[in-house]
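Chemist: Input structure: data.cif, which contains mmCIF, C-alpha atoms (C1' of nucleotides).
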data_upload
#
loop_
_atom_site.label_atom_id
_atom_site.label_comp_id
_atom_site.auth_asym_id
_atom_site.auth_seq_id
_atom_site.Cartn_x
_atom_site.Cartn_y
_atom_site.Cartn_z
CA MET A 275 -2.84 -5.62 4.91
CA LEU A 276 0.13 -7.75 4.00
CA PHE A 277 -0.80 -8.13 0.33
CA SER A 278 -2.99 -6.20 -2.05
CA THR A 279 -5.68 -7.54 -4.32
CA LYS A 280 -3.06 -7.96 -7.01
CA ALA A 281 -1.94 -11.12 -5.24
CA GLU A 282 -5.50 -12.18 -4.51
CA TYR A 283 -6.80 -11.74 -8.06
CA GLY A 284 -3.62 -13.01 -9.62
CA VAL A 285 -3.60 -16.21 -7.61
CA ARG A 286 -7.25 -16.82 -8.43
CA LEU A 287 -6.43 -16.33 -12.06
CA MET A 288 -3.66 -18.89 -11.79
CA VAL A 289 -5.97 -21.34 -10.05
CA GLU A 290 -8.53 -20.90 -12.78
CA LEU A 291 -5.92 -21.73 -15.38
CA GLY A 292 -4.80 -24.69 -13.28
CA ARG A 293 -8.30 -26.09 -13.33
CA GLN A 294 -8.27 -26.24 -17.13
CA ARG A 295 -5.15 -28.25 -17.43
CA GLY A 296 -4.16 -29.61 -20.82
CA SER A 297 -7.13 -28.24 -22.65
CA GLU A 298 -7.60 -25.18 -24.82
CA PRO A 299 -6.20 -21.84 -23.72
CA VAL A 300 -8.53 -19.94 -21.43
CA SER A 301 -9.53 -16.41 -22.35
CA LEU A 302 -9.27 -13.68 -19.77
CA SER A 303 -12.90 -12.77 -20.19
CA ALA A 304 -13.85 -16.30 -19.18
CA VAL A 305 -11.73 -16.00 -16.04
CA ALA A 306 -13.15 -12.57 -15.32
CA GLU A 307 -16.66 -13.89 -15.54
CA ALA A 308 -15.98 -17.01 -13.49
CA GLU A 309 -14.26 -15.10 -10.70
CA ARG A 310 -16.35 -11.95 -11.08
CA LEU A 311 -13.32 -9.74 -11.49
CA PRO A 312 -12.84 -6.74 -13.81
CA LEU A 313 -11.38 -7.89 -17.12
CA SER A 314 -9.25 -4.84 -17.79
CA TYR A 315 -7.62 -5.09 -14.42
CA LEU A 316 -6.85 -8.76 -14.96
CA GLU A 317 -5.00 -7.77 -18.11
CA HIS A 318 -2.46 -5.90 -16.03
CA LEU A 319 -2.00 -8.80 -13.68
CA VAL A 320 -1.66 -11.46 -16.32
CA ALA A 321 0.98 -9.33 -18.00
CA ARG A 322 3.11 -9.64 -14.89
CA LEU A 323 2.59 -13.37 -14.77
CA ARG A 324 3.55 -13.66 -18.40
CA LYS A 325 6.70 -11.60 -17.96
CA ALA A 326 7.63 -13.87 -15.08
CA GLY A 327 7.25 -16.86 -17.37
CA LEU A 328 4.41 -18.40 -15.41
CA VAL A 329 1.82 -18.35 -18.16
CA THR A 330 1.97 -18.47 -21.95
CA SER A 331 -0.42 -16.69 -24.25
CA THR A 332 -2.02 -17.33 -27.61
CA ARG A 333 -3.25 -14.30 -29.47
CA GLY A 334 -6.20 -13.89 -31.75
CA ALA A 335 -9.61 -15.51 -31.74
CA HIS A 336 -9.90 -18.59 -29.54
CA GLY A 337 -6.70 -17.49 -27.91
CA GLY A 338 -6.05 -17.12 -24.23
CA TYR A 339 -3.66 -18.21 -21.53
CA ARG A 340 -2.19 -21.47 -20.31
CA LEU A 341 0.09 -22.34 -17.44
CA ALA A 342 3.69 -22.50 -18.58
CA MET A 343 4.37 -25.43 -16.24
CA PRO A 344 2.32 -28.12 -14.55
CA PRO A 345 0.67 -26.76 -11.39
CA GLU A 346 2.59 -29.19 -9.19
CA GLU A 347 5.78 -27.38 -10.11
CA ILE A 348 4.49 -23.89 -9.46
CA THR A 349 5.08 -22.66 -5.93
CA LEU A 350 3.21 -19.65 -4.70
CA ASP A 351 6.22 -17.62 -3.66
CA VAL A 352 7.09 -17.18 -7.33
CA VAL A 353 3.52 -16.28 -8.21
CA VAL A 354 3.08 -13.75 -5.44
CA GLU A 355 6.46 -12.19 -6.10
CA ALA A 356 5.61 -11.80 -9.78
CA LEU A 357 2.43 -10.00 -8.80
CA GLU A 358 3.51 -7.92 -5.84
CA GLY A 359 7.21 -7.48 -6.46
CA GLN A 360 9.98 -8.52 -4.07
CA ILE A 361 8.58 -9.80 -0.83
CA ALA A 362 10.35 -8.26 2.15
CA PRO A 363 8.90 -7.37 5.51
CA MET A 364 10.51 -3.97 5.51
CA GLU A 365 11.90 -1.35 3.17
CA CYS A 366 15.44 -1.79 4.44
CA PHE A 367 15.43 -5.50 3.68
CA HIS A 368 17.02 -6.67 0.47
CA GLU A 369 17.55 -10.29 -0.39
CA THR A 370 20.66 -11.13 -2.34
CA PRO A 371 20.62 -13.79 -5.06
CA GLU A 372 22.12 -16.29 -2.60
CA GLY A 373 19.27 -15.73 -0.18
CA LYS A 374 21.12 -13.64 2.36
CA VAL A 375 19.28 -10.80 4.01
CA LEU A 376 20.73 -7.35 4.05
CA CYS A 377 19.53 -4.55 6.27
CA SER A 378 20.43 -1.14 4.94
CA HIS A 379 20.87 0.53 8.33
CA GLU A 380 22.95 -2.22 9.78
CA SER A 381 25.09 -0.66 12.49
CA ASP A 382 24.23 2.90 11.61
CA GLY A 383 24.01 3.69 15.30
CA ASP A 384 26.18 2.58 18.16
CA HIS A 385 24.51 -0.82 18.49
CA ALA A 386 23.18 -3.56 16.22
CA CYS A 387 19.99 -3.14 14.24
CA ALA A 388 17.33 -3.89 16.82
CA THR A 389 14.67 -5.05 14.43
CA LYS A 390 16.64 -7.33 12.16
CA LEU A 391 15.98 -10.41 14.27
CA LEU A 392 12.26 -9.80 14.12
CA TRP A 393 11.98 -9.14 10.41
CA THR A 394 14.17 -12.07 9.60
CA ARG A 395 11.79 -14.34 11.46
CA VAL A 396 8.77 -12.82 9.75
CA GLN A 397 10.43 -13.13 6.36
CA GLY A 398 11.13 -16.77 7.08
CA GLY A 399 7.56 -17.45 8.11
CA VAL A 400 6.07 -15.90 5.00
CA THR A 401 8.54 -17.44 2.60
CA LYS A 402 8.06 -20.86 4.12
CA ALA A 403 4.29 -20.59 3.81
CA LEU A 404 4.41 -19.39 0.21
CA ALA A 405 7.15 -21.68 -1.05
CA GLY A 406 5.55 -24.63 0.71
CA THR A 407 2.32 -24.26 -1.22
CA THR A 408 1.92 -25.37 -4.82
CA LEU A 409 -0.68 -24.24 -7.28
CA ALA A 410 -1.84 -27.84 -7.53
CA GLU A 411 -2.78 -27.76 -3.85
CA LEU A 412 -4.90 -24.68 -4.35
CA VAL A 413 -6.58 -26.15 -7.41
CA GLU A 414 -7.35 -29.28 -5.42
CA PHE A 415 -8.59 -27.26 -2.46
CA SER A 416 -10.86 -25.12 -4.58
CA GLY A 417 -12.70 -28.04 -6.11
CA GLY A 418 -10.20 -29.97 -8.20
CA THR A 419 -9.19 -29.95 -11.83
CA VAL A 420 -11.49 -30.40 -14.79
CA ALA A 421 -8.83 -32.18 -16.86
CA GLY A 422 -10.23 -34.65 -19.42
CA GLU A 423 -13.97 -34.42 -19.04
CA LYS A 424 -15.31 -30.92 -19.54
CA ALA A 425 -17.61 -31.09 -16.52
CA THR A 426 -17.82 -27.38 -15.68
CA PRO A 427 -15.81 -25.42 -18.23
CA VAL A 428 -14.73 -22.10 -16.95
CA GLY A 429 -17.14 -19.91 -18.86
CA SER A 430 -20.23 -22.10 -18.71
CA ALA A 431 -21.88 -21.11 -15.43
CA ALA A 432 -23.55 -17.79 -16.25
CA MET B 284 6.62 -4.42 1.46
CA LEU B 285 4.83 -6.32 4.18
CA PHE B 286 5.07 -3.59 6.79
CA SER B 287 5.64 0.14 6.68
CA THR B 288 8.09 2.19 8.68
CA LYS B 289 5.43 2.61 11.33
CA ALA B 290 6.24 -0.88 12.50
CA GLU B 291 9.96 -0.36 12.05
CA TYR B 292 10.14 2.94 13.94
CA GLY B 293 7.63 1.84 16.54
CA VAL B 294 9.48 -1.35 17.37
CA ARG B 295 12.74 0.54 17.65
CA LEU B 296 11.05 2.96 20.00
CA MET B 297 9.87 0.06 22.12
CA VAL B 298 13.34 -1.46 22.16
CA GLU B 299 14.79 1.85 23.24
CA LEU B 300 12.34 1.98 26.13
CA GLY B 301 13.15 -1.61 26.96
CA ARG B 302 16.82 -0.77 27.29
CA GLN B 303 16.05 1.77 30.02
CA ARG B 304 14.21 -0.61 32.24
CA GLY B 305 13.26 0.49 35.73
CA SER B 306 14.77 3.92 35.45
CA GLU B 307 13.32 7.34 34.77
CA PRO B 308 10.85 7.82 31.96
CA VAL B 309 12.49 8.39 28.60
CA SER B 310 11.57 11.45 26.60
CA LEU B 311 10.65 11.09 22.96
CA SER B 312 13.31 13.55 21.93
CA ALA B 313 15.95 11.32 23.51
CA VAL B 314 14.63 8.34 21.52
CA ALA B 315 14.46 10.41 18.36
CA GLU B 316 18.07 11.42 18.76
CA ALA B 317 19.31 7.96 19.63
CA GLU B 318 17.55 6.33 16.69
CA ARG B 319 17.87 9.31 14.37
CA LEU B 320 14.17 9.45 13.71
CA PRO B 321 11.91 12.51 13.32
CA LEU B 322 10.47 13.47 16.68
CA SER B 323 7.11 14.68 15.43
CA TYR B 324 6.52 11.45 13.59
CA LEU B 325 7.37 9.40 16.65
CA GLU B 326 4.66 11.28 18.51
CA HIS B 327 2.05 9.72 16.26
CA LEU B 328 3.47 6.28 16.73
CA VAL B 329 3.82 6.45 20.48
CA ALA B 330 0.22 7.58 20.65
CA ARG B 331 -0.84 4.27 19.12
CA LEU B 332 1.32 2.35 21.54
CA ARG B 333 -0.16 4.25 24.44
CA LYS B 334 -3.72 3.64 23.30
CA ALA B 335 -2.88 -0.05 23.07
CA GLY B 336 -1.69 0.02 26.67
CA LEU B 337 1.89 -0.88 25.83
CA VAL B 338 3.51 2.25 27.21
CA THR B 339 2.62 4.73 29.93
CA SER B 340 3.37 8.43 29.83
CA THR B 341 4.33 11.12 32.31
CA ARG B 342 3.64 14.66 31.23
CA GLY B 343 5.55 17.81 31.96
CA ALA B 344 9.24 18.45 32.49
CA HIS B 345 11.32 15.32 33.05
CA GLY B 346 8.39 13.37 31.73
CA GLY B 347 8.47 10.75 29.04
CA TYR B 348 7.45 7.18 28.39
CA ARG B 349 7.92 3.83 30.10
CA LEU B 350 6.96 0.33 29.14
CA ALA B 351 3.68 -0.64 30.72
CA MET B 352 4.92 -4.19 31.28
CA PRO B 353 8.27 -5.93 31.61
CA PRO B 354 9.74 -6.61 28.15
CA GLU B 355 9.63 -10.36 28.68
CA GLU B 356 5.84 -10.18 28.69
CA ILE B 357 5.53 -8.08 25.54
CA THR B 358 5.22 -10.09 22.36
CA LEU B 359 5.74 -8.38 19.06
CA ASP B 360 2.43 -9.35 17.51
CA VAL B 361 0.71 -6.96 19.91
CA VAL B 362 3.22 -4.21 19.20
CA VAL B 363 3.04 -4.50 15.44
CA GLU B 364 -0.73 -4.73 15.47
CA ALA B 365 -0.93 -1.58 17.58
CA LEU B 366 1.22 0.21 15.04
CA GLU B 367 -0.04 -1.15 11.73
CA GLY B 368 -3.58 -2.15 12.57
CA GLN B 369 -5.00 -5.65 12.23
CA ILE B 370 -2.55 -7.98 10.61
CA ALA B 371 -4.20 -9.95 7.85
CA PRO B 372 -2.67 -11.12 4.58
CA MET B 373 -5.63 -9.94 2.57
CA GLU B 374 -8.49 -7.46 2.68
CA CYS B 375 -11.11 -10.20 2.83
CA PHE B 376 -9.56 -11.75 5.93
CA HIS B 377 -11.03 -10.91 9.29
CA GLU B 378 -10.00 -12.59 12.50
CA THR B 379 -12.70 -13.10 15.07
CA PRO B 380 -11.97 -12.66 18.79
CA GLU B 381 -11.65 -16.44 19.13
CA GLY B 382 -8.97 -16.51 16.44
CA LYS B 383 -11.06 -17.99 13.66
CA VAL B 384 -10.41 -16.71 10.18
CA LEU B 385 -13.25 -15.46 8.04
CA CYS B 386 -13.04 -14.88 4.34
CA SER B 387 -15.64 -12.47 3.08
CA HIS B 388 -16.13 -14.08 -0.32
CA GLU B 389 -16.38 -17.57 1.03
CA SER B 390 -18.43 -19.56 -1.45
CA ASP B 391 -19.50 -16.57 -3.51
CA GLY B 392 -18.92 -18.61 -6.63
CA ASP B 393 -19.71 -22.19 -7.42
CA HIS B 394 -16.64 -23.53 -5.64
CA ALA B 395 -14.69 -22.88 -2.45
CA CYS B 396 -12.50 -19.81 -2.07
CA ALA B 397 -9.33 -20.83 -3.86
CA THR B 398 -6.97 -18.61 -1.95
CA LYS B 399 -8.10 -19.23 1.60
CA LEU B 400 -5.70 -22.11 2.12
CA LEU B 401 -2.78 -19.97 1.04
CA TRP B 402 -3.55 -16.90 3.10
CA THR B 403 -4.30 -19.00 6.13
CA ARG B 404 -0.83 -20.48 5.93
CA VAL B 405 0.77 -17.07 5.43
CA GLN B 406 -1.19 -15.64 8.32
CA GLY B 407 -0.03 -18.51 10.48
CA GLY B 408 3.58 -17.98 9.52
CA VAL B 409 3.55 -14.29 10.31
CA THR B 410 1.62 -14.64 13.54
CA LYS B 411 3.91 -17.38 14.75
CA ALA B 412 6.99 -15.29 14.02
CA LEU B 413 5.62 -12.20 15.72
CA ALA B 414 4.00 -13.85 18.71
CA GLY B 415 7.09 -16.00 19.23
CA THR B 416 9.32 -12.98 19.67
CA THR B 417 9.41 -10.94 22.85
CA LEU B 418 10.63 -7.41 23.28
CA ALA B 419 13.22 -8.72 25.73
CA GLU B 420 14.76 -10.78 22.94
CA LEU B 421 15.13 -7.75 20.73
CA VAL B 422 16.61 -5.70 23.53
CA GLU B 423 19.09 -8.47 24.17
CA PHE B 424 19.86 -8.82 20.47
CA SER B 425 20.45 -5.12 20.03
CA GLY B 426 23.01 -4.85 22.77
CA GLY B 427 21.29 -5.63 26.05
CA THR B 428 19.59 -3.60 28.75
CA VAL B 429 21.17 -0.75 30.66
CA ALA B 430 19.22 -1.51 33.85
CA GLY B 431 21.00 -0.50 37.06
CA GLU B 432 24.24 1.01 35.88
CA LYS B 433 23.69 3.90 33.50
CA ALA B 434 26.38 2.72 31.07
CA THR B 435 25.12 4.34 27.87
CA PRO B 436 21.99 6.32 28.66
CA VAL B 437 19.76 6.79 25.70
CA GLY B 438 20.52 10.39 24.91
CA SER B 439 24.20 10.49 25.74
CA ALA B 440 25.90 9.49 22.49
CA ALA B 441 25.64 12.60 20.33
"C1'" DG C 44 6.81 31.72 35.43
"C1'" DG C 45 9.87 29.52 32.38
"C1'" DA C 46 11.45 25.44 30.30
"C1'" DT C 47 10.27 20.90 29.18
"C1'" DA C 48 7.58 17.57 27.55
"C1'" DA C 49 3.32 15.02 26.43
"C1'" DC C 50 -0.82 15.68 23.65
"C1'" DC C 51 -3.79 16.83 19.59
"C1'" DG C 52 -5.34 17.91 15.00
"C1'" DA C 53 -4.68 19.85 10.60
"C1'" DC C 54 -2.13 19.82 6.64
"C1'" DC C 55 0.99 18.30 2.70
"C1'" DA C 56 3.75 15.93 -1.05
"C1'" DC C 57 4.23 11.65 -2.80
"C1'" DT C 58 3.25 6.98 -4.01
"C1'" DT C 59 0.43 3.01 -4.56
"C1'" DC C 60 -4.04 0.84 -5.48
"C1'" DA C 61 -7.72 -0.48 -8.19
"C1'" DG C 62 -9.68 0.24 -12.09
"C1'" DT C 63 -11.06 2.51 -16.68
"C1'" DA C 64 -10.37 3.81 -21.44
"C1'" DG C 65 -8.85 3.54 -25.92
"C1'" DG C 66 -6.51 1.82 -29.10
"C1'" DA C 67 -3.21 -1.45 -31.87
"C1'" DT C 68 -2.23 -6.05 -33.28
"C1'" DT C 69 -2.96 -10.86 -34.10
"C1'" DT C 70 -5.68 -14.79 -35.42
"C1'" DA C 71 -9.67 -18.23 -36.44
"C1'" DG C 72 -13.46 -18.88 -39.04
"C1'" DG C 73 -17.07 -17.84 -42.39
"C1'" DC D 106 -11.25 -10.73 -47.23
"C1'" DC D 107 -13.89 -9.40 -43.38
"C1'" DT D 108 -15.05 -9.54 -38.91
"C1'" DA D 109 -15.29 -11.00 -34.31
"C1'" DA D 110 -12.45 -12.41 -30.64
"C1'" DA D 111 -8.71 -12.12 -28.29
"C1'" DT D 112 -4.03 -10.42 -26.55
"C1'" DC D 113 -1.28 -6.43 -25.85
"C1'" DC D 114 0.06 -1.63 -24.61
"C1'" DT D 115 -0.08 3.06 -22.75
"C1'" DA D 116 -2.17 6.59 -20.45
"C1'" DC D 117 -5.20 8.30 -17.18
"C1'" DT D 118 -7.90 8.81 -12.72
"C1'" DG D 119 -9.98 8.95 -8.05
"C1'" DA D 120 -9.15 7.34 -3.60
"C1'" DA D 121 -6.34 5.92 0.02
"C1'" DG D 122 -2.11 5.30 2.58
"C1'" DT D 123 2.78 6.86 3.77
"C1'" DG D 124 5.88 9.73 5.95
"C1'" DG D 125 6.23 13.30 7.51
"C1'" DT D 126 5.66 18.80 9.24
"C1'" DC D 127 3.58 22.50 11.89
"C1'" DG D 128 1.21 25.01 15.33
"C1'" DG D 129 -0.94 25.07 19.35
"C1'" DT D 130 -2.63 23.28 24.07
"C1'" DT D 131 -1.97 21.25 28.41
"C1'" DA D 132 0.61 19.50 32.31
"C1'" DT D 133 4.63 19.45 35.35
"C1'" DC D 134 9.08 20.33 37.46
"C1'" DC D 135 12.44 23.82 39.15
#
What does this structure look like when you write it as structure tokens?
Modeler:
Amino acid sequence: MLFSTKAEYGVRLMVELGRQRGSEPVSLSAVAEAERLPLSYLEHLVARLRKAGLVTSTRGAHGGYRLAMPPEEITLDVVVEALEGQIAPMECFHETPEGKVLCSHESDGDHACATKLLWTRVQGGVTKALAGTTLAELVEFSGGTVAGEKATPVGSAA
Amino acid sequence: MLFSTKAEYGVRLMVELGRQRGSEPVSLSAVAEAERLPLSYLEHLVARLRKAGLVTSTRGAHGGYRLAMPPEEITLDVVVEALEGQIAPMECFHETPEGKVLCSHESDGDHACATKLLWTRVQGGVTKALAGTTLAELVEFSGGTVAGEKATPVGSAA
DNA sequence: GGATAACCGACCACTTCAGTAGGATTTAGG
DNA sequence: CCTAAATCCTACTGAAGTGGTCGGTTATCC
């Protein structure tokens, strides 16, 4: 499996917040119920998102989480990286701040690193897919936002 | 990390076999020495490649492994899948024989699966990168084949 | 009949995953 | 002021996967 459930749950959490745009902060328990995910596990995930500056939190009663930016500006590469850590196809791959790829056993034998070409292509494919998708798209795809009218607030179903 | 060293080592093993095209079978110990990888671990990996029909083996003294097909016909998606198992971005993703993608919690809530769009794109990116790369390319990239003339046979360096 | 090599399965230390548990702190509302 | 609701934090745990190692068996060439 390329990604673990951390990415899966975390992205769903983000989508859920994206659906509630502009309104009150959404509590984790509401998200947990809506997505049928364990609350205490979501706490760990949302902590990562918060540390990455993707969501903001309000403590105390009626508190919860909000997106730190409008969903159109949030690309999924940032989200997934916050959840899963640096995204590289292989252990030996490290991306420098300028976006260059380094392979740690570059030329450790008598010929060039045979796999670098492959992993570079894979890296490119994944990055392109993630960076080319915005949270707004996913919100739209999953049934659209709930913006002004409170048609189906997140905790209402059950 | 997207892939483990199983893919890394396994691909390098394949490249090493690809460099020895048409000649005698290559022993695992020769590959292990050339790539500085643990022999006994390579045994596990080559077993997967053999079961997938990518390499053929000759037992006994002077035995070893050969590619089952010319490297131009071997695409890396098959190789990596043989080594790592089914390549899917997420646990809930299962590809049917016809190439359709199924998501196990499709419509388990009141709205469509929010993440399917994303993982489908990622899946596409990875598959395209892997299937669009042939073993021959990697052999070329890593210094070319050794075909007729035995310029630098695999075990000769050290 | 060695030496060489593919084969096979068991085992092991270590890390990550997925989740639980328990508490501390902050805040709105009665 | 009290309490319920919520974030926040740390520690723990069982299960699985990773990256090997080891010992032994079988097959084959010289």
Chemist: From the list A:Ala335, A:Val305, A:Leu409, A:Ala403, which residue is nearest chain B when using all atoms listed in the file?
Modeler: A:Ala403
Chemist: Spell out the residues picked by the PyMOL selection byres ((chain C) within 8 of (chain B)) here, as a list in words.
Modeler: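 Selected by the PyMOL selection byres ((chain C) within 8 of (chain B)) in this file: DA46, DT47, DA48 and DA49 of chain C.
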Chemist: Based on all atoms listed in the file, which of the residues in chain D come within 6 Å of chain A? I want them as number ranges by chain.
Modeler: D: 110-112
Chemist: May I ask you to extract the residues of chain A within 9 Å of chain B, using only C-alpha atoms, and to give them as a JSON list (two decimals) with C-alpha atoms, in the frame of the given file?
Modeler:
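And here is the file that came out, selection.json:
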[["chain", "number", "residue", "atom", "x", "y", "z"],
["A", 275, "MET", "CA", -2.84, -5.62, 4.91],
["A", 276, "LEU", "CA", 0.13, -7.75, 4.00],
["A", 277, "PHE", "CA", -0.80, -8.13, 0.33],
["A", 278, "SER", "CA", -2.99, -6.20, -2.05],
["A", 279, "THR", "CA", -5.68, -7.54, -4.32],
["A", 281, "ALA", "CA", -1.94, -11.12, -5.24],
["A", 282, "GLU", "CA", -5.50, -12.18, -4.51],
["A", 285, "VAL", "CA", -3.60, -16.21, -7.61],
["A", 286, "ARG", "CA", -7.25, -16.82, -8.43],
["A", 289, "VAL", "CA", -5.97, -21.34, -10.05],
["A", 290, "GLU", "CA", -8.53, -20.90, -12.78],
["A", 308, "ALA", "CA", -15.98, -17.01, -13.49],
["A", 309, "GLU", "CA", -14.26, -15.10, -10.70],
["A", 310, "ARG", "CA", -16.35, -11.95, -11.08],
["A", 350, "LEU", "CA", 3.21, -19.65, -4.70],
["A", 358, "GLU", "CA", 3.51, -7.92, -5.84],
["A", 359, "GLY", "CA", 7.21, -7.48, -6.46],
["A", 360, "GLN", "CA", 9.98, -8.52, -4.07],
["A", 361, "ILE", "CA", 8.58, -9.80, -0.83],
["A", 362, "ALA", "CA", 10.35, -8.26, 2.15],
["A", 363, "PRO", "CA", 8.90, -7.37, 5.51],
["A", 364, "MET", "CA", 10.51, -3.97, 5.51],
["A", 365, "GLU", "CA", 11.90, -1.35, 3.17],
["A", 383, "GLY", "CA", 24.01, 3.69, 15.30],
["A", 384, "ASP", "CA", 26.18, 2.58, 18.16],
["A", 385, "HIS", "CA", 24.51, -0.82, 18.49],
["A", 386, "ALA", "CA", 23.18, -3.56, 16.22],
["A", 387, "CYS", "CA", 19.99, -3.14, 14.24],
["A", 388, "ALA", "CA", 17.33, -3.89, 16.82],
["A", 389, "THR", "CA", 14.67, -5.05, 14.43],
["A", 390, "LYS", "CA", 16.64, -7.33, 12.16],
["A", 391, "LEU", "CA", 15.98, -10.41, 14.27],
["A", 392, "LEU", "CA", 12.26, -9.80, 14.12],
["A", 393, "TRP", "CA", 11.98, -9.14, 10.41],
["A", 395, "ARG", "CA", 11.79, -14.34, 11.46],
["A", 396, "VAL", "CA", 8.77, -12.82, 9.75],
["A", 397, "GLN", "CA", 10.43, -13.13, 6.36],
["A", 398, "GLY", "CA", 11.13, -16.77, 7.08],
["A", 399, "GLY", "CA", 7.56, -17.45, 8.11],
["A", 400, "VAL", "CA", 6.07, -15.90, 5.00],
["A", 401, "THR", "CA", 8.54, -17.44, 2.60],
["A", 402, "LYS", "CA", 8.06, -20.86, 4.12],
["A", 403, "ALA", "CA", 4.29, -20.59, 3.81],
["A", 404, "LEU", "CA", 4.41, -19.39, 0.21],
["A", 407, "THR", "CA", 2.32, -24.26, -1.22],
["A", 411, "GLU", "CA", -2.78, -27.76, -3.85],
["A", 412, "LEU", "CA", -4.90, -24.68, -4.35],
["A", 413, "VAL", "CA", -6.58, -26.15, -7.41],
["A", 414, "GLU", "CA", -7.35, -29.28, -5.42],
["A", 415, "PHE", "CA", -8.59, -27.26, -2.46],
["A", 416, "SER", "CA", -10.86, -25.12, -4.58],
["A", 417, "GLY", "CA", -12.70, -28.04, -6.11],
["A", 431, "ALA", "CA", -21.88, -21.11, -15.43]]
Chemist: Work out how far atom C1' of DG62 of chain C is from atom C1' of DA120 of chain D, in Å to one decimal.
Modeler: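 For atom C1' of DA120 of chain D relative to atom C1' of DG62 of chain C, the distance reads 11.1 Å.
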Chemist: Could you check how far atom CA of Cys377 of chain A sits from atom C1' of DG125 of chain D, in Å to one decimal?
Modeler: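 Result for atom CA of Cys377 of chain A versus atom C1' of DG125 of chain D: 22.3 Å, one decimal.
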Chemist: Written as a list in words, which residues does the PyMOL selection byres ((chain D and resi 106) around 12) give for the file shown?
Modeler: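 That expression, the PyMOL selection byres ((chain D and resi 106) around 12), corresponds here to DG72 and DG73 of chain C; DC107 and DT108 of chain D.
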